[in-house]
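Okay, model.pdb is below, PDB, C-alpha atoms:
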```pdb
ATOM      1  CA  MET A 819     116.929 146.757  88.601
ATOM      2  CA  THR A 820     118.919 143.828  89.969
ATOM      3  CA  ILE A 821     116.992 141.150  91.849
ATOM      4  CA  SER A 822     119.039 139.735  94.718
ATOM      5  CA  THR A 823     116.615 137.246  96.272
ATOM      6  CA  MET A 824     113.965 134.883  94.964
ATOM      7  CA  THR A 825     111.241 132.508  96.102
ATOM      8  CA  ALA A 826     112.255 128.852  96.319
ATOM      9  CA  LEU A 827     110.650 125.605  97.454
ATOM     10  CA  ARG A 828     112.986 124.223 100.058
ATOM     11  CA  ILE A 829     113.033 121.134 102.255
ATOM     12  CA  GLU A 830     114.057 122.505 105.621
ATOM     13  CA  ALA A 831     114.199 119.276 107.618
ATOM     14  CA  PRO A 832     112.664 115.808 107.527
ATOM     15  CA  HIS A 833     108.932 116.087 106.802
ATOM     16  CA  ARG A 834     109.060 119.881 106.520
ATOM     17  CA  ALA A 835     108.917 121.748 103.187
ATOM     18  CA  ALA A 836     108.358 125.485 102.916
ATOM     19  CA  LEU A 837     108.692 128.478 100.636
ATOM     20  CA  ALA A 838     111.785 130.505 101.439
ATOM     21  CA  ARG A 839     113.565 133.618 100.224
ATOM     22  CA  VAL A 840     117.039 132.685  99.040
ATOM     23  CA  PRO A 841     119.748 134.504  97.067
ATOM     24  CA  VAL A 842     119.483 134.414  93.292
ATOM     25  CA  PRO A 843     122.275 132.037  92.225
ATOM     26  CA  GLU A 844     125.229 133.431  90.324
ATOM     27  CA  PRO A 845     126.276 131.436  87.232
ATOM     28  CA  GLY A 846     129.864 130.284  87.077
ATOM     29  CA  PRO A 847     132.252 130.943  84.191
ATOM     30  CA  ASP A 848     130.423 130.347  80.900
ATOM     31  CA  GLY A 849     127.292 129.670  82.961
ATOM     32  CA  VAL A 850     123.698 130.644  82.251
ATOM     33  CA  LEU A 851     120.940 132.061  84.446
ATOM     34  CA  VAL A 852     117.489 130.638  83.663
ATOM     35  CA  ARG A 853     114.039 131.864  84.674
ATOM     36  CA  THR A 854     112.255 128.723  85.788
ATOM     37  CA  ALA A 855     108.944 127.891  84.122
ATOM     38  CA  LEU A 856     107.740 124.465  85.293
ATOM     39  CA  VAL A 857     109.234 122.028  87.769
ATOM     40  CA  GLY A 858     108.157 118.407  88.187
ATOM     41  CA  LEU A 859     108.080 116.549  91.485
ATOM     42  CA  CYS A 860     108.833 112.841  91.718
ATOM     43  CA  GLY A 861     109.446 110.053  94.185
ATOM     44  CA  THR A 862     113.058 111.099  94.722
ATOM     45  CA  ASP A 863     111.852 114.479  96.006
ATOM     46  CA  LEU A 864     109.548 112.625  98.380
ATOM     47  CA  GLU A 865     112.519 110.619  99.648
ATOM     48  CA  MET A 866     114.350 113.900 100.245
ATOM     49  CA  LEU A 867     111.385 115.106 102.299
ATOM     50  CA  HIS A 868     111.256 111.899 104.336
ATOM     51  CA  GLY A 869     115.011 111.929 104.933
ATOM     52  CA  THR A 870     115.436 108.513 103.301
ATOM     53  CA  ALA A 871     117.215 109.620 100.094
ATOM     54  CA  SER A 872     120.646 108.067  99.649
ATOM     55  CA  TYR A 873     122.137 111.531  99.112
ATOM     56  CA  LEU A 874     121.190 112.450 102.686
ATOM     57  CA  LEU A 875     122.106 109.109 104.225
ATOM     58  CA  ASP A 876     125.618 109.059 102.762
ATOM     59  CA  GLY A 877     126.335 112.725 103.455
ATOM     60  CA  ARG A 878     126.407 114.057  99.905
ATOM     61  CA  THR A 879     123.835 116.669 100.895
ATOM     62  CA  CYS A 880     122.160 118.050 103.992
ATOM     63  CA  TYR A 881     119.189 120.233 104.870
ATOM     64  CA  PRO A 882     118.045 122.759 103.838
ATOM     65  CA  VAL A 883     117.791 121.693 100.178
ATOM     66  CA  VAL A 884     116.257 123.638  97.285
ATOM     67  CA  ILE A 885     114.906 120.744  95.233
ATOM     68  CA  GLY A 886     113.945 120.549  91.549
ATOM     69  CA  HIS A 887     115.698 118.307  89.032
ATOM     70  CA  GLU A 888     112.914 117.998  86.410
ATOM     71  CA  TRP A 889     112.410 121.419  84.887
ATOM     72  CA  THR A 890     112.259 123.800  81.963
ATOM     73  CA  GLY A 891     112.715 127.560  81.699
ATOM     74  CA  THR A 892     113.898 130.564  79.687
ATOM     75  CA  VAL A 893     117.410 132.007  79.562
ATOM     76  CA  VAL A 894     117.678 135.481  81.087
ATOM     77  CA  ARG A 895     121.473 135.772  81.180
ATOM     78  CA  GLY A 896     123.190 133.794  78.466
ATOM     79  CA  ASN A 897     126.629 132.931  77.159
ATOM     80  CA  ALA A 898     128.192 132.289  73.763
ATOM     81  CA  GLU A 899     125.888 129.305  73.187
ATOM     82  CA  PHE A 900     122.557 130.421  74.677
ATOM     83  CA  ALA A 901     120.874 133.797  74.176
ATOM     84  CA  PRO A 902     118.342 135.457  76.470
ATOM     85  CA  GLY A 903     114.814 134.395  75.569
ATOM     86  CA  GLU A 904     115.721 130.855  74.486
ATOM     87  CA  ARG A 905     113.783 128.023  76.117
ATOM     88  CA  VAL A 906     115.851 125.250  77.625
ATOM     89  CA  VAL A 907     115.700 122.099  79.710
ATOM     90  CA  GLY A 908     118.389 121.465  82.265
ATOM     91  CA  HIS A 909     120.343 118.269  82.715
ATOM     92  CA  THR A 910     120.095 116.705  86.147
ATOM     93  CA  MET A 911     123.597 115.234  86.105
ATOM     94  CA  LEU A 912     126.508 117.660  85.985
ATOM     95  CA  HIS A 913     129.656 115.801  84.974
ATOM     96  CA  CYS A 914     133.258 116.983  85.290
ATOM     97  CA  GLY A 915     134.431 115.909  81.813
ATOM     98  CA  LEU A 916     137.897 115.004  83.131
ATOM     99  CA  CYS A 917     137.635 111.837  85.216
ATOM    100  CA  ARG A 918     138.226 108.356  83.835
ATOM    101  CA  MET A 919     134.483 107.675  83.435
ATOM    102  CA  CYS A 920     133.887 110.902  81.534
ATOM    103  CA  LEU A 921     136.892 110.218  79.335
ATOM    104  CA  ARG A 922     135.450 106.785  78.551
ATOM    105  CA  GLY A 923     132.234 108.452  77.423
ATOM    106  CA  ARG A 924     130.287 107.296  80.502
ATOM    107  CA  ARG A 925     129.320 110.719  81.788
ATOM    108  CA  ALA A 926     126.452 109.492  83.962
ATOM    109  CA  LEU A 927     129.032 107.595  86.031
ATOM    110  CA  CYS A 928     131.263 110.647  86.510
ATOM    111  CA  GLU A 929     133.446 110.312  89.611
ATOM    112  CA  ARG A 930     132.802 113.951  90.541
ATOM    113  CA  LEU A 931     129.126 113.945  89.620
ATOM    114  CA  ARG A 932     126.726 116.554  90.982
ATOM    115  CA  GLU A 933     122.960 116.389  90.561
ATOM    116  CA  VAL A 934     120.768 119.467  90.353
ATOM    117  CA  GLY A 935     118.362 119.712  93.276
ATOM    118  CA  LEU A 936     119.766 116.581  94.896
ATOM    119  CA  TYR A 937     123.397 117.142  95.834
ATOM    120  CA  GLY A 938     126.156 119.539  94.860
ATOM    121  CA  HIS A 939     123.999 122.025  92.926
ATOM    122  CA  GLN A 940     120.975 124.084  93.954
ATOM    123  CA  GLY A 941     117.740 122.941  92.350
ATOM    124  CA  ALA A 942     115.286 124.609  89.993
ATOM    125  CA  ALA A 943     112.237 124.744  92.290
ATOM    126  CA  ALA A 944     112.746 128.486  92.447
ATOM    127  CA  GLU A 945     112.296 131.563  90.304
ATOM    128  CA  TYR A 946     115.813 131.211  88.889
ATOM    129  CA  VAL A 947     118.406 128.478  88.465
ATOM    130  CA  ALA A 948     122.060 128.857  87.454
ATOM    131  CA  MET A 949     123.465 126.184  85.151
ATOM    132  CA  PRO A 950     126.715 125.356  83.365
ATOM    133  CA  GLY A 951     126.242 126.134  79.697
ATOM    134  CA  GLY A 952     127.118 122.575  78.701
ATOM    135  CA  SER A 953     124.294 121.165  80.822
ATOM    136  CA  LEU A 954     121.390 122.745  78.958
ATOM    137  CA  THR A 955     119.490 121.650  75.860
ATOM    138  CA  ARG A 956     117.479 123.999  73.648
ATOM    139  CA  VAL A 957     113.719 123.276  73.455
ATOM    140  CA  PRO A 958     112.145 123.284  69.955
ATOM    141  CA  ASP A 959     109.292 125.753  69.453
ATOM    142  CA  ALA A 960     106.877 122.883  68.808
ATOM    143  CA  VAL A 961     107.452 121.369  72.273
ATOM    144  CA  PRO A 962     105.313 123.101  74.941
ATOM    145  CA  ASP A 963     106.591 123.747  78.445
ATOM    146  CA  ARG A 964     104.409 120.998  79.915
ATOM    147  CA  ALA A 965     106.149 118.430  77.728
ATOM    148  CA  ALA A 966     109.601 119.941  78.245
ATOM    149  CA  ALA A 967     109.160 119.563  82.005
ATOM    150  CA  LEU A 968     108.951 115.787  81.529
ATOM    151  CA  VAL A 969     112.104 115.472  79.429
ATOM    152  CA  GLU A 970     114.269 114.595  82.439
ATOM    153  CA  PRO A 971     112.437 111.383  83.359
ATOM    154  CA  ALA A 972     111.924 110.618  79.670
ATOM    155  CA  VAL A 973     115.645 110.665  78.833
ATOM    156  CA  THR A 974     116.185 107.725  81.177
ATOM    157  CA  VAL A 975     113.470 105.768  79.389
ATOM    158  CA  VAL A 976     114.937 106.596  75.982
ATOM    159  CA  GLY A 977     118.445 105.675  77.101
ATOM    160  CA  GLY A 978     117.217 102.590  78.909
ATOM    161  CA  LEU A 979     115.348 101.113  75.954
ATOM    162  CA  GLU A 980     118.357 101.771  73.735
ATOM    163  CA  GLN A 981     120.657 100.136  76.280
ATOM    164  CA  ALA A 982     118.279  97.170  76.413
ATOM    165  CA  ARG A 983     118.236  96.957  72.595
ATOM    166  CA  CYS A 984     114.437  97.189  72.308
ATOM    167  CA  ARG A 985     113.489  96.101  68.782
ATOM    168  CA  LEU A 986     110.463  95.166  66.674
ATOM    169  CA  ALA A 987     110.968  91.477  67.417
ATOM    170  CA  ASP A 988     110.587  92.055  71.159
ATOM    171  CA  ARG A 989     107.598  91.305  73.284
ATOM    172  CA  VAL A 990     107.887  93.806  76.156
ATOM    173  CA  ALA A 991     106.400  93.998  79.637
ATOM    174  CA  VAL A 992     106.661  97.253  81.588
ATOM    175  CA  ILE A 993     106.250  96.881  85.353
ATOM    176  CA  GLY A 994     104.879 100.032  86.990
ATOM    177  CA  THR A 995     102.456 102.738  85.888
ATOM    178  CA  GLY A 996     104.185 105.808  87.280
ATOM    179  CA  THR A 997     105.823 108.454  85.085
ATOM    180  CA  ILE A 998     108.739 106.234  84.025
ATOM    181  CA  GLY A 999     106.507 103.245  83.369
ATOM    182  CA  LEU A1000     103.986 105.142  81.253
ATOM    183  CA  LEU A1001     106.726 106.816  79.210
ATOM    184  CA  ALA A1002     108.296 103.379  78.685
ATOM    185  CA  VAL A1003     104.943 102.056  77.464
ATOM    186  CA  GLN A1004     104.637 104.952  74.995
ATOM    187  CA  LEU A1005     108.101 104.396  73.554
ATOM    188  CA  ALA A1006     107.961 100.583  73.529
ATOM    189  CA  ALA A1007     104.637 100.788  71.692
ATOM    190  CA  ARG A1008     106.578 102.368  68.800
ATOM    191  CA  LEU A1009     109.744 100.270  69.000
ATOM    192  CA  ALA A1010     108.584  96.753  69.873
ATOM    193  CA  GLY A1011     106.188  94.232  68.409
ATOM    194  CA  SER A1012     103.983  94.422  71.507
ATOM    195  CA  VAL A1013     104.013  95.909  74.999
ATOM    196  CA  ASP A1014     102.001  94.921  78.064
ATOM    197  CA  ALA A1015     101.703  97.068  81.190
ATOM    198  CA  VAL A1016     101.945  95.284  84.534
ATOM    199  CA  GLY A1017     100.822  97.055  87.686
ATOM    200  CA  ILE A1018      98.608  97.188  90.756
ATOM    201  CA  ASP A1019      96.782 100.501  90.271
ATOM    202  CA  PRO A1020      93.589 100.034  88.187
ATOM    203  CA  ALA A1021      93.557 103.686  87.111
ATOM    204  CA  GLY A1022      97.231 103.489  86.173
ATOM    205  CA  LEU A1023      96.641 100.356  84.124
ATOM    206  CA  GLU A1024      93.753 102.047  82.306
ATOM    207  CA  LEU A1025      96.037 104.982  81.567
ATOM    208  CA  ALA A1026      98.685 102.594  80.253
ATOM    209  CA  LEU A1027      96.189 101.332  77.673
ATOM    210  CA  ARG A1028      95.686 104.943  76.542
ATOM    211  CA  CYS A1029      99.479 105.236  76.282
ATOM    212  CA  GLY A1030      99.716 102.322  73.865
ATOM    213  CA  ALA A1031      99.837  99.143  75.946
ATOM    214  CA  HIS A1032      98.283  96.142  74.205
ATOM    215  CA  ARG A1033      97.172  94.689  77.523
ATOM    216  CA  ALA A1034      97.021  95.907  81.124
ATOM    217  CA  LEU A1035      97.720  93.121  83.610
ATOM    218  CA  THR A1036      98.191  92.592  87.315
ATOM    219  CA  PRO A1037     101.441  90.853  88.304
ATOM    220  CA  GLU A1038      99.503  87.631  88.763
ATOM    221  CA  GLN A1039      97.942  87.827  85.308
ATOM    222  CA  ALA A1040     101.227  88.361  83.455
ATOM    223  CA  GLU A1041     102.595  85.207  81.824
ATOM    224  CA  ASP A1042     105.765  83.666  83.199
ATOM    225  CA  GLY A1043     108.356  83.294  80.457
ATOM    226  CA  GLY A1044     106.268  85.351  78.060
ATOM    227  CA  TYR A1045     108.560  88.300  77.333
ATOM    228  CA  SER A1046     111.922  88.906  75.693
ATOM    229  CA  LEU A1047     112.331  92.272  77.456
ATOM    230  CA  VAL A1048     110.985  93.419  80.815
ATOM    231  CA  VAL A1049     111.335  97.028  81.982
ATOM    232  CA  GLU A1050     111.194  97.312  85.777
ATOM    233  CA  ALA A1051     109.947 100.866  86.375
ATOM    234  CA  SER A1052     108.127 100.537  89.693
ATOM    235  CA  GLY A1053     111.053 100.689  92.107
ATOM    236  CA  ALA A1054     109.412  97.987  94.248
ATOM    237  CA  ALA A1055     111.830  95.275  95.378
ATOM    238  CA  PRO A1056     109.429  92.342  94.645
ATOM    239  CA  ALA A1057     109.106  93.596  91.062
ATOM    240  CA  PHE A1058     112.718  92.593  90.350
ATOM    241  CA  ARG A1059     111.942  88.952  91.174
ATOM    242  CA  ARG A1060     108.686  89.117  89.209
ATOM    243  CA  GLY A1061     110.484  90.644  86.246
ATOM    244  CA  LEU A1062     112.880  87.699  86.082
ATOM    245  CA  ASP A1063     109.961  85.286  86.158
ATOM    246  CA  LEU A1064     108.344  87.016  83.184
ATOM    247  CA  LEU A1065     111.421  86.589  80.976
ATOM    248  CA  GLU A1066     111.824  83.900  78.358
ATOM    249  CA  PRO A1067     115.217  82.127  78.176
ATOM    250  CA  GLY A1068     117.812  84.630  77.006
ATOM    251  CA  GLY A1069     115.609  87.590  77.932
ATOM    252  CA  ARG A1070     116.700  91.012  79.212
ATOM    253  CA  LEU A1071     115.577  92.819  82.363
ATOM    254  CA  ALA A1072     116.113  96.594  82.219
ATOM    255  CA  VAL A1073     116.075  97.959  85.773
ATOM    256  CA  ILE A1074     115.105 101.646  85.864
ATOM    257  CA  GLY A1075     113.170 101.713  89.146
ATOM    258  CA  VAL A1076     115.367 102.124  92.222
ATOM    259  CA  ALA A1077     114.410  99.662  94.947
ATOM    260  CA  GLY A1078     115.846 100.302  98.385
ATOM    261  CA  ALA A1079     115.320  96.794  99.762
ATOM    262  CA  PRO A1080     116.658  93.319  98.927
ATOM    263  CA  ALA A1081     114.900  91.290  96.257
ATOM    264  CA  GLU A1082     113.782  88.240  98.196
ATOM    265  CA  GLY A1083     113.927  84.940  96.350
ATOM    266  CA  PHE A1084     116.583  86.042  93.857
ATOM    267  CA  VAL A1085     119.015  83.217  93.076
ATOM    268  CA  PRO A1086     121.974  84.538  91.030
ATOM    269  CA  GLY A1087     122.577  81.168  89.407
ATOM    270  CA  GLU A1088     119.391  81.416  87.370
ATOM    271  CA  LEU A1089     120.916  84.280  85.390
ATOM    272  CA  ALA A1090     123.477  81.802  84.080
ATOM    273  CA  LEU A1091     121.199  78.791  83.732
ATOM    274  CA  ARG A1092     118.490  80.724  81.865
ATOM    275  CA  GLY A1093     120.919  82.983  79.992
ATOM    276  CA  LEU A1094     119.299  86.154  81.350
ATOM    277  CA  GLU A1095     120.717  89.647  81.122
ATOM    278  CA  VAL A1096     120.135  92.291  83.812
ATOM    279  CA  ILE A1097     120.742  95.867  82.659
ATOM    280  CA  GLY A1098     121.064  98.648  85.223
ATOM    281  CA  VAL A1099     119.841 101.945  83.769
ATOM    282  CA  ARG A1100     121.180 104.923  85.688
ATOM    283  CA  HIS A1101     120.188 107.832  83.455
ATOM    284  CA  GLY A1102     119.875 109.011  79.870
ATOM    285  CA  LEU A1103     122.317 111.906  79.947
ATOM    286  CA  ASP A1104     123.201 111.542  76.264
ATOM    287  CA  HIS A1105     119.592 111.556  75.021
ATOM    288  CA  TYR A1106     118.146 115.024  75.681
ATOM    289  CA  ASP A1107     118.057 116.127  72.027
ATOM    290  CA  ARG A1108     116.595 112.832  70.874
ATOM    291  CA  THR A1109     113.966 112.866  73.616
ATOM    292  CA  LEU A1110     112.842 116.375  72.709
ATOM    293  CA  ARG A1111     112.422 115.206  69.107
ATOM    294  CA  LEU A1112     110.278 112.312  70.319
ATOM    295  CA  PHE A1113     107.986 114.773  72.112
ATOM    296  CA  GLN A1114     107.998 117.036  69.053
ATOM    297  CA  ASP A1115     107.022 114.137  66.773
ATOM    298  CA  GLY A1116     104.283 112.894  69.086
ATOM    299  CA  VAL A1117     105.968 109.588  69.915
ATOM    300  CA  LEU A1118     106.004 110.701  73.551
ATOM    301  CA  ASP A1119     103.014 112.577  74.976
ATOM    302  CA  ALA A1120     103.191 114.378  78.316
ATOM    303  CA  GLU A1121      99.533 115.318  78.669
ATOM    304  CA  PRO A1122      98.086 111.968  79.837
ATOM    305  CA  LEU A1123     100.708 111.855  82.590
ATOM    306  CA  ILE A1124     100.090 115.269  84.186
ATOM    307  CA  ALA A1125      97.802 115.183  87.208
ATOM    308  CA  THR A1126      97.887 118.876  88.109
ATOM    309  CA  VAL A1127      99.860 122.123  87.866
ATOM    310  CA  LEU A1128     100.228 123.993  91.158
ATOM    311  CA  GLN A1129     101.473 127.426  92.154
ATOM    312  CA  PRO A1130     104.581 127.725  94.361
ATOM    313  CA  SER A1131     102.385 128.629  97.329
ATOM    314  CA  ASP A1132     100.868 125.150  97.014
ATOM    315  CA  GLY A1133     104.293 123.531  96.766
ATOM    316  CA  PRO A1134     104.535 122.274 100.361
ATOM    317  CA  GLY A1135     101.100 120.681  99.979
ATOM    318  CA  ALA A1136     102.174 119.017  96.740
ATOM    319  CA  PHE A1137     104.117 116.504  98.782
ATOM    320  CA  GLU A1138     100.884 115.438 100.457
ATOM    321  CA  LEU A1139      99.512 114.656  96.997
ATOM    322  CA  LEU A1140     102.663 112.704  96.144
ATOM    323  CA  GLN A1141     102.374 110.461  99.171
ATOM    324  CA  SER A1142      98.601 110.160  99.362
ATOM    325  CA  GLY A1143      98.429 107.085  97.153
ATOM    326  CA  ARG A1144      96.627 108.911  94.351
ATOM    327  CA  THR A1145      95.937 106.932  91.200
ATOM    328  CA  GLY A1146      95.968 107.694  87.489
ATOM    329  CA  PRO A1147      98.144 110.513  86.092
ATOM    330  CA  PRO A1148     101.330 110.526  88.172
ATOM    331  CA  LYS A1149     103.044 113.856  87.508
ATOM    332  CA  ILE A1150     102.694 117.024  89.603
ATOM    333  CA  LEU A1151     104.128 120.231  88.151
ATOM    334  CA  ILE A1152     104.779 123.541  89.879
ATOM    335  CA  ASP A1153     104.513 126.748  87.844
ATOM    336  CA  PHE A1154     107.062 129.344  88.915
ATOM    337  CA  GLY A1155     105.646 131.999  86.613
ATOM    338  CA  GLY A1156     107.911 131.690  83.618
ATOM    339  CA  SER A1157     105.686 129.257  81.699
ATOM    340  CA  SER A1158     104.674 130.082  78.122
TER
END
```
structure tokens encoding of this file:
Amino acid sequence: MTISTMTALRIEAPHRAALARVPVPEPGPDGVLVRTALVGLCGTDLEMLHGTASYLLDGRTCYPVVIGHEWTGTVVRGNAEFAPGERVVGHTMLHCGLCRMCLRGRRALCERLREVGLYGHQGAAAEYVAMPGGSLTRVPDAVPDRAAALVEPAVTVVGGLEQARCRLADRVAVIGTGTIGLLAVQLAARLAGSVDAVGIDPAGLELALRCGAHRALTPEQAEDGGYSLVVEASGAAPAFRRGLDLLEPGGRLAVIGVAGAPAEGFVPGELALRGLEVIGVRHGLDHYDRTLRLFQDGVLDAEPLIATVLQPSDGPGAFELLQSGRTGPPKILIDFGGSS
């Protein structure tokens, strides 16, 4: 029996999310149809709900939008590479492979980029999602669905710390105790000589200690000039200025959080005079396999980060949890029924 429609979590208009019946997507040539298991919600989805996401403001997408860019599922209609029954995670960024950026090996900067659940490609917050075969990564048996659902944010952390050349000699500060920040703490605890978490949420700071932070500090407690590498993972504009202050001469600031406001007090000349390096981290598109191995080996651990797993019927209410200022574990997952 062929199923023609499916349940999806869709943002209908600003401040209005609802379950909807939509057509089951049809994979393109060499594409794959996946039964969705778990989908994660994040701050970008909240921006889509509020109508403040850049993708809406610049016209790359419009309502209604089926969201869902952090997800895992099981292949139901495969291709030469993926067989039915295989568990996969999907890549958020779908690159063309032909533009000058792709040909330079910088796929995350593709000139014809589409992003699943954000613009150009329907998201995975639904019973099924269609994906290009080259934009899936196989999930090892030892990695449970709950961990696989966090691979998408984790790849940016893995790519970011590699881009920032995080090494044993580094003393690292991670600003922010959301999903990205806590994953950065976990990985830096293995790569660097020490890592401190810097944040404003007491429960988040306590969780950061469980994730491997040596110390949990408020922005005021963190030592100016005390770090060779700072990871800005909060997305708060003042954190950029604070991150520069925390750096020693010659230090590196890896910017993963996306702030939508100017960084007051930033004087560009100090980058030259103090020999600082600012590294913009867009994504970790090339690091899906490596990130799955880190979850498999226990270097990264999803469980401390998961606040709750909801059913699709609770999906619209999940946004209320996202914006309610909750503390502690940051990640909300939605179970679309394909979870193992």
Would you kindly translate the PyMOL selection byres ((chain A and resi 1110-1115) around 8) into the concrete residues it picks from this file, as a PyMOL selection string?
chain A and resi 957-958+960-961+965-966+969+1106-1109+1116-1120
Can you build me a table of segment 1072-1108 of chain A residues sitting at most 12 Å from segment 903-910 of chain A, with the closest atom pair per residue and its distance in Å to one decimal, using only C-alpha atoms, sorted by chain and residue number, as a tab-separated table?
```
residue	atom	partner	partner_atom	distance
A:Arg1100	CA	A:Thr910	CA	11.8
A:His1101	CA	A:Thr910	CA	9.3
A:Gly1102	CA	A:His909	CA	9.7
A:Leu1103	CA	A:His909	CA	7.2
A:Asp1104	CA	A:His909	CA	9.7
A:His1105	CA	A:His909	CA	10.2
A:Tyr1106	CA	A:His909	CA	8.1
A:Asp1107	CA	A:Val907	CA	10.0
```
List the spatial neighbours of segment 833-837 of chain A as a PyMOL selection string - criterion: any atom at most 8 Å away, all atoms listed in the file, same-chain residues fewer than 5 positions off excluded.
chain A and resi 825-828+867-869+1130-1131+1133-1134
Point (120.2, 118.7, 109.1), cut-off 12 Å, counting all atoms listed in the file, residues as a ChimeraX atom specification:
/A:829-834,866-867,869,874-875,877,879-883
Excluding same-chain residues fewer than 2 positions from Gly849 of chain A, what lies within 6 Å of it counting all atoms listed in the file, as JSON, numbers by chain?
{"A": [845, 846, 847, 949, 950, 951]}
Taking the file as I've supplied it (selection: the PyMOL selection byres ((chain A and resi 1081-1090) around 10)), which residues are included? Please answer as a ChimeraX atom specification.
/A:1054-1060,1062,1067-1069,1077-1080,1091-1096
Quick one: write out the picked residues with C-alpha atoms as an mmCIF file, keeping the file's coordinate frame?
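Contents of result.cif, as written:
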```cif
data_model
loop_
_atom_site.group_PDB
_atom_site.id
_atom_site.type_symbol
_atom_site.label_atom_id
_atom_site.label_comp_id
_atom_site.auth_asym_id
_atom_site.auth_seq_id
_atom_site.Cartn_x
_atom_site.Cartn_y
_atom_site.Cartn_z
ATOM 1 C CA ALA A 1054 109.412 97.987 94.248
ATOM 2 C CA ALA A 1055 111.830 95.275 95.378
ATOM 3 C CA PRO A 1056 109.429 92.342 94.645
ATOM 4 C CA ALA A 1057 109.106 93.596 91.062
ATOM 5 C CA PHE A 1058 112.718 92.593 90.350
ATOM 6 C CA ARG A 1059 111.942 88.952 91.174
ATOM 7 C CA ARG A 1060 108.686 89.117 89.209
ATOM 8 C CA LEU A 1062 112.880 87.699 86.082
ATOM 9 C CA PRO A 1067 115.217 82.127 78.176
ATOM 10 C CA GLY A 1068 117.812 84.630 77.006
ATOM 11 C CA GLY A 1069 115.609 87.590 77.932
ATOM 12 C CA ALA A 1077 114.410 99.662 94.947
ATOM 13 C CA GLY A 1078 115.846 100.302 98.385
ATOM 14 C CA ALA A 1079 115.320 96.794 99.762
ATOM 15 C CA PRO A 1080 116.658 93.319 98.927
ATOM 16 C CA LEU A 1091 121.199 78.791 83.732
ATOM 17 C CA ARG A 1092 118.490 80.724 81.865
ATOM 18 C CA GLY A 1093 120.919 82.983 79.992
ATOM 19 C CA LEU A 1094 119.299 86.154 81.350
ATOM 20 C CA GLU A 1095 120.717 89.647 81.122
ATOM 21 C CA VAL A 1096 120.135 92.291 83.812
#
```
Show me, as a tab-separated table, the residues of segment 868-920 of chain A having an atom within 8 Å of segment 940-943 of chain A, each with the closest atom pair and its distance in Å, using all atoms listed in the file.
```
residue	atom	partner	partner_atom	distance
A:Val883	CA	A:Gln940	CA	7.4
A:Val884	CA	A:Gly941	CA	5.2
A:Ile885	CA	A:Gly941	CA	4.6
A:Gly886	CA	A:Ala942	CA	4.6
A:His887	CA	A:Gly941	CA	6.1
A:Glu888	CA	A:Ala942	CA	7.9
A:Trp889	CA	A:Ala942	CA	6.7
```
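Nearest-residue note for Arg956 of chain A: choosing from A:Leu1005, A:Val893, A:Ala838, A:Ile1152, the minimum distance belongs to A:Val893, counting all atoms listed in the file.
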Could you list, as a list of chain:residue names, every residue matched by the PyMOL selection byres ((chain A and resi 1047) around 7) in this structure?
A:Asp988, A:Arg989, A:Val990, A:Ala991, A:Tyr1045, A:Ser1046, A:Val1048, A:Val1049, A:Leu1065, A:Gly1069, A:Arg1070, A:Leu1071
Looking at all atoms listed in the file, which of A:Thr823, A:Val1013, A:Asp1019, A:Phe1137 is the one that sits closest to Arg1033 of chain A?
A:Val1013
Distance atom CA of Ser1012 of chain A-atom CA of Ala967 of chain A, one decimal place?
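Going from atom CA of Ser1012 of chain A over to atom CA of Ala967 of chain A covers 27.7 Å.
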So how far away is atom CA of Leu1064 of chain A from atom CA of Glu1041 of chain A, in Å?
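Separation of atom CA of Glu1041 of chain A and atom CA of Leu1064 of chain A: 6.2 Å.
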